[in-house]
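For reference, the structure discussed in these notes is given below.
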Amino acid sequence: MLAKSDHLSLRTFNALARDGLLAGVLGVAASLALASPARADRCDDLAQQLKSQIDGVTIGKTVANVIYLSHPAAKSLRLGCPSRTVKNEVFGIAASRKPSPEFQELIASASAIVFTIPKADTLRGVKRCFGRVGLLRGNDVKSRYRRLDMRCVRGKTDSSIAVSRDKNE
């Protein structure tokens, strides 16, 4: 049989254990409530940066590691997310065979933001790539400028450019 003092100490022990359990549950709940919210991946962050830093860019659908963007100067614009071979890719199609200066500025700005290179350098590379397309070198030109791979293609009614960087650079 338990003495009165033993019964009192057992009751206090149970109360303390219950309070400790309650404190533990409250601690876990508070840590879950104060935990940082889930963040989007790096590619979504880049798309948001493009939208906030370039006037007129809107974000469209995301399909298979590609985020479709739109801009008045481009017929089509998309941001390719990292894959096994490339880090990122900026791809744009101009509505005419000779891309407008606004389109070239757009591609240069987007490339500068995505690849963290000065805009003047990317603009020079874009102009150089489109300048090489033509009679002497053909309608599909690949060039390299400041560790960026640029591919300019001119079709019958439009022209396109893809700017990317290898995974190992």
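By convention here, the chains of the structure tokens are called A, B, ... in the order presented, each chain's residues are numbered starting at 1, and ligands are numbered starting at 1 in the order presented.
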Write out as a PyMOL selection string the set of residues from stretch 50-167 of chain A that DSSP, computed on the backbone, places in strand (DSSP E or B). chain A and resi 58-63+66-70+76-80+86-94+134+138+140-145+148-154+159-166
Residue contacts of A:Asp41 (12 Å, only C-alpha atoms) excluding same-chain residues fewer than 5 positions away, as a ChimeraX atom specification: /A:46-48,65,81-82
Can you pull out every residue within 6 Å of stretch 66-77 of chain A, counting only C-alpha atoms, but drop anything in the same chain fewer than 2 positions away, and send it as a list of chain:residue names? A:Gly56, A:Val57, A:Thr58, A:Ile59, A:Gly60, A:Lys61, A:Thr62, A:Val63, A:Ala64, A:Leu79, A:Gly80, A:Cys81, A:Phe91, A:Gly92, A:Ile93, A:Ala94, A:Ala95, A:Phe103
Could those selected residues go to a file with all heavy atoms, as a compact mmCIF listing (two decimals), in the first residue's frame?
```txt
# COMPACT_ATOMS: atom_id res chain seq x y z
N GLY A 56 7.10 44.50 -69.74
CA GLY A 56 6.31 43.82 -70.76
C GLY A 56 6.40 42.31 -70.74
O GLY A 56 5.66 41.65 -71.46
N VAL A 57 7.27 41.73 -69.93
CA VAL A 57 7.39 40.27 -69.88
C VAL A 57 6.30 39.72 -68.96
O VAL A 57 6.11 40.19 -67.85
CB VAL A 57 8.78 39.84 -69.37
CG1 VAL A 57 8.83 38.34 -69.11
CG2 VAL A 57 9.84 40.22 -70.37
N THR A 58 5.58 38.73 -69.46
CA THR A 58 4.59 38.02 -68.64
C THR A 58 4.93 36.53 -68.65
O THR A 58 5.46 36.01 -69.62
CB THR A 58 3.16 38.22 -69.17
OG1 THR A 58 3.10 37.79 -70.52
CG2 THR A 58 2.74 39.67 -69.08
N ILE A 59 4.60 35.87 -67.55
CA ILE A 59 4.91 34.45 -67.39
C ILE A 59 3.70 33.63 -67.79
O ILE A 59 2.58 33.89 -67.36
CB ILE A 59 5.31 34.15 -65.94
CG1 ILE A 59 6.55 34.96 -65.56
CG2 ILE A 59 5.57 32.67 -65.74
CD1 ILE A 59 6.93 34.85 -64.11
N GLY A 60 3.95 32.62 -68.61
CA GLY A 60 2.89 31.73 -69.06
C GLY A 60 2.99 30.38 -68.38
O GLY A 60 3.34 30.27 -67.21
N LYS A 61 2.71 29.33 -69.14
CA LYS A 61 2.71 27.97 -68.62
C LYS A 61 4.12 27.43 -68.40
O LYS A 61 5.06 27.86 -69.06
CB LYS A 61 2.00 27.03 -69.58
CG LYS A 61 0.52 27.16 -69.62
CD LYS A 61 -0.09 25.94 -70.25
CE LYS A 61 -0.49 26.21 -71.67
NZ LYS A 61 -1.16 25.08 -72.30
N THR A 62 4.23 26.46 -67.52
CA THR A 62 5.47 25.72 -67.33
C THR A 62 5.21 24.29 -67.77
O THR A 62 4.34 23.61 -67.23
CB THR A 62 5.90 25.73 -65.85
OG1 THR A 62 6.07 27.07 -65.43
CG2 THR A 62 7.19 24.97 -65.66
N VAL A 63 5.97 23.84 -68.78
CA VAL A 63 5.79 22.50 -69.32
C VAL A 63 7.15 21.88 -69.52
O VAL A 63 7.99 22.43 -70.24
CB VAL A 63 5.02 22.54 -70.66
CG1 VAL A 63 4.87 21.15 -71.23
CG2 VAL A 63 3.68 23.21 -70.50
N ALA A 64 7.41 20.74 -68.89
CA ALA A 64 8.61 19.93 -69.11
C ALA A 64 9.89 20.76 -69.05
O ALA A 64 10.65 20.85 -70.01
CB ALA A 64 8.53 19.20 -70.44
N LEU A 79 12.04 30.27 -71.43
CA LEU A 79 13.19 30.07 -70.56
C LEU A 79 13.30 28.57 -70.29
O LEU A 79 12.39 27.97 -69.74
CB LEU A 79 13.00 30.83 -69.24
CG LEU A 79 14.00 30.58 -68.13
CD1 LEU A 79 15.38 31.09 -68.55
CD2 LEU A 79 13.56 31.27 -66.86
N GLY A 80 14.41 27.99 -70.71
CA GLY A 80 14.64 26.57 -70.48
C GLY A 80 15.36 26.37 -69.16
O GLY A 80 16.35 27.03 -68.86
N CYS A 81 14.86 25.45 -68.37
CA CYS A 81 15.44 25.18 -67.06
C CYS A 81 16.60 24.19 -67.19
O CYS A 81 16.73 23.52 -68.21
CB CYS A 81 14.36 24.62 -66.15
SG CYS A 81 12.99 25.77 -65.97
N PHE A 91 15.40 31.30 -75.22
CA PHE A 91 15.07 31.09 -76.62
C PHE A 91 14.01 32.09 -77.04
O PHE A 91 13.01 32.28 -76.33
CB PHE A 91 14.55 29.66 -76.84
CG PHE A 91 14.15 29.38 -78.26
CD1 PHE A 91 15.10 29.09 -79.21
CD2 PHE A 91 12.81 29.43 -78.63
CE1 PHE A 91 14.73 28.83 -80.53
CE2 PHE A 91 12.44 29.17 -79.94
CZ PHE A 91 13.40 28.86 -80.89
N GLY A 92 14.22 32.74 -78.17
CA GLY A 92 13.24 33.71 -78.66
C GLY A 92 13.10 33.64 -80.16
O GLY A 92 14.06 33.34 -80.87
N ILE A 93 11.90 33.93 -80.62
CA ILE A 93 11.62 33.99 -82.05
C ILE A 93 11.12 35.39 -82.37
O ILE A 93 10.17 35.88 -81.74
CB ILE A 93 10.55 32.95 -82.47
CG1 ILE A 93 11.04 31.55 -82.17
CG2 ILE A 93 10.22 33.09 -83.95
CD1 ILE A 93 10.03 30.47 -82.47
N ALA A 94 11.76 36.03 -83.35
CA ALA A 94 11.33 37.35 -83.83
C ALA A 94 10.33 37.15 -84.96
O ALA A 94 10.36 36.15 -85.67
CB ALA A 94 12.53 38.16 -84.31
N ALA A 95 9.47 38.13 -85.13
CA ALA A 95 8.41 38.00 -86.13
C ALA A 95 8.90 38.27 -87.55
O ALA A 95 8.19 37.99 -88.50
CB ALA A 95 7.27 38.95 -85.79
N PHE A 103 13.81 43.49 -80.10
CA PHE A 103 13.93 42.05 -79.87
C PHE A 103 15.34 41.70 -79.41
O PHE A 103 15.52 40.92 -78.47
CB PHE A 103 13.57 41.28 -81.13
CG PHE A 103 13.76 39.79 -81.00
CD1 PHE A 103 12.85 39.02 -80.29
CD2 PHE A 103 14.86 39.16 -81.56
CE1 PHE A 103 13.02 37.66 -80.14
CE2 PHE A 103 15.04 37.79 -81.44
CZ PHE A 103 14.12 37.04 -80.72
```
Quick one: everything within 10 Å of A:Lys127, counting only C-alpha atoms, minus sequence neighbours fewer than 6 positions away in the same chain. Send it as a PyMOL selection string. chain A and resi 99+101+104-105+108
If you run DSSP on the backbone here, which positions in stretch 33-139 of chain A get alpha helix (DSSP H)? Please write them as an mmCIF file with C-alpha atoms, in the first residue's frame.
```
data_model
loop_
_atom_site.group_PDB
_atom_site.id
_atom_site.type_symbol
_atom_site.label_atom_id
_atom_site.label_comp_id
_atom_site.auth_asym_id
_atom_site.auth_seq_id
_atom_site.Cartn_x
_atom_site.Cartn_y
_atom_site.Cartn_z
ATOM 1 C CA ALA A 33 4.126 26.892 -37.795
ATOM 2 C CA LEU A 34 7.241 29.080 -37.848
ATOM 3 C CA ARG A 42 15.674 28.346 -59.193
ATOM 4 C CA CYS A 43 14.044 28.416 -62.616
ATOM 5 C CA ASP A 44 10.811 29.921 -61.259
ATOM 6 C CA ASP A 45 12.895 32.524 -59.431
ATOM 7 C CA LEU A 46 14.619 33.430 -62.711
ATOM 8 C CA ALA A 47 11.258 33.810 -64.438
ATOM 9 C CA GLN A 48 10.082 36.135 -61.674
ATOM 10 C CA GLN A 49 13.290 38.170 -62.002
ATOM 11 C CA LEU A 50 12.755 38.482 -65.748
ATOM 12 C CA LYS A 51 9.191 39.628 -65.173
ATOM 13 C CA SER A 52 10.182 42.214 -62.584
ATOM 14 C CA GLN A 53 13.232 43.612 -64.390
ATOM 15 C CA PRO A 101 16.552 46.219 -82.130
ATOM 16 C CA GLU A 102 13.847 45.837 -79.447
ATOM 17 C CA PHE A 103 13.931 42.053 -79.869
ATOM 18 C CA GLN A 104 17.725 42.018 -79.649
ATOM 19 C CA GLU A 105 17.572 44.182 -76.497
ATOM 20 C CA LEU A 106 15.014 41.801 -74.985
ATOM 21 C CA ILE A 107 17.147 38.714 -75.616
ATOM 22 C CA ALA A 108 20.259 40.522 -74.339
ATOM 23 C CA SER A 109 18.482 41.650 -71.162
ATOM 24 C CA ALA A 110 17.063 38.201 -70.484
ATOM 25 C CA SER A 111 20.452 36.560 -71.090
ATOM 26 C CA ALA A 112 22.179 39.069 -68.832
ATOM 27 C CA ILE A 113 19.771 38.285 -65.992
ATOM 28 C CA VAL A 114 19.801 34.512 -66.450
ATOM 29 C CA PHE A 115 23.556 34.103 -66.906
ATOM 30 C CA LYS A 119 24.050 43.428 -70.580
ATOM 31 C CA ALA A 120 26.501 45.186 -72.891
ATOM 32 C CA ASP A 121 28.366 41.900 -73.392
ATOM 33 C CA THR A 122 25.238 39.881 -74.118
ATOM 34 C CA LEU A 123 23.926 42.577 -76.480
ATOM 35 C CA ARG A 124 27.187 42.495 -78.406
ATOM 36 C CA GLY A 125 27.014 38.690 -78.639
ATOM 37 C CA VAL A 126 23.384 38.737 -79.838
ATOM 38 C CA LYS A 127 24.105 41.385 -82.476
ATOM 39 C CA ARG A 128 27.188 39.500 -83.593
ATOM 40 C CA CYS A 129 25.243 36.241 -83.942
ATOM 41 C CA PHE A 130 22.442 37.850 -85.980
ATOM 42 C CA GLY A 131 25.004 39.772 -88.036
ATOM 43 C CA ARG A 132 26.646 36.536 -89.171
#
```
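Going from atom CA of A:Asp158 to atom CA of A:Lys98 covers 7.6 Å.
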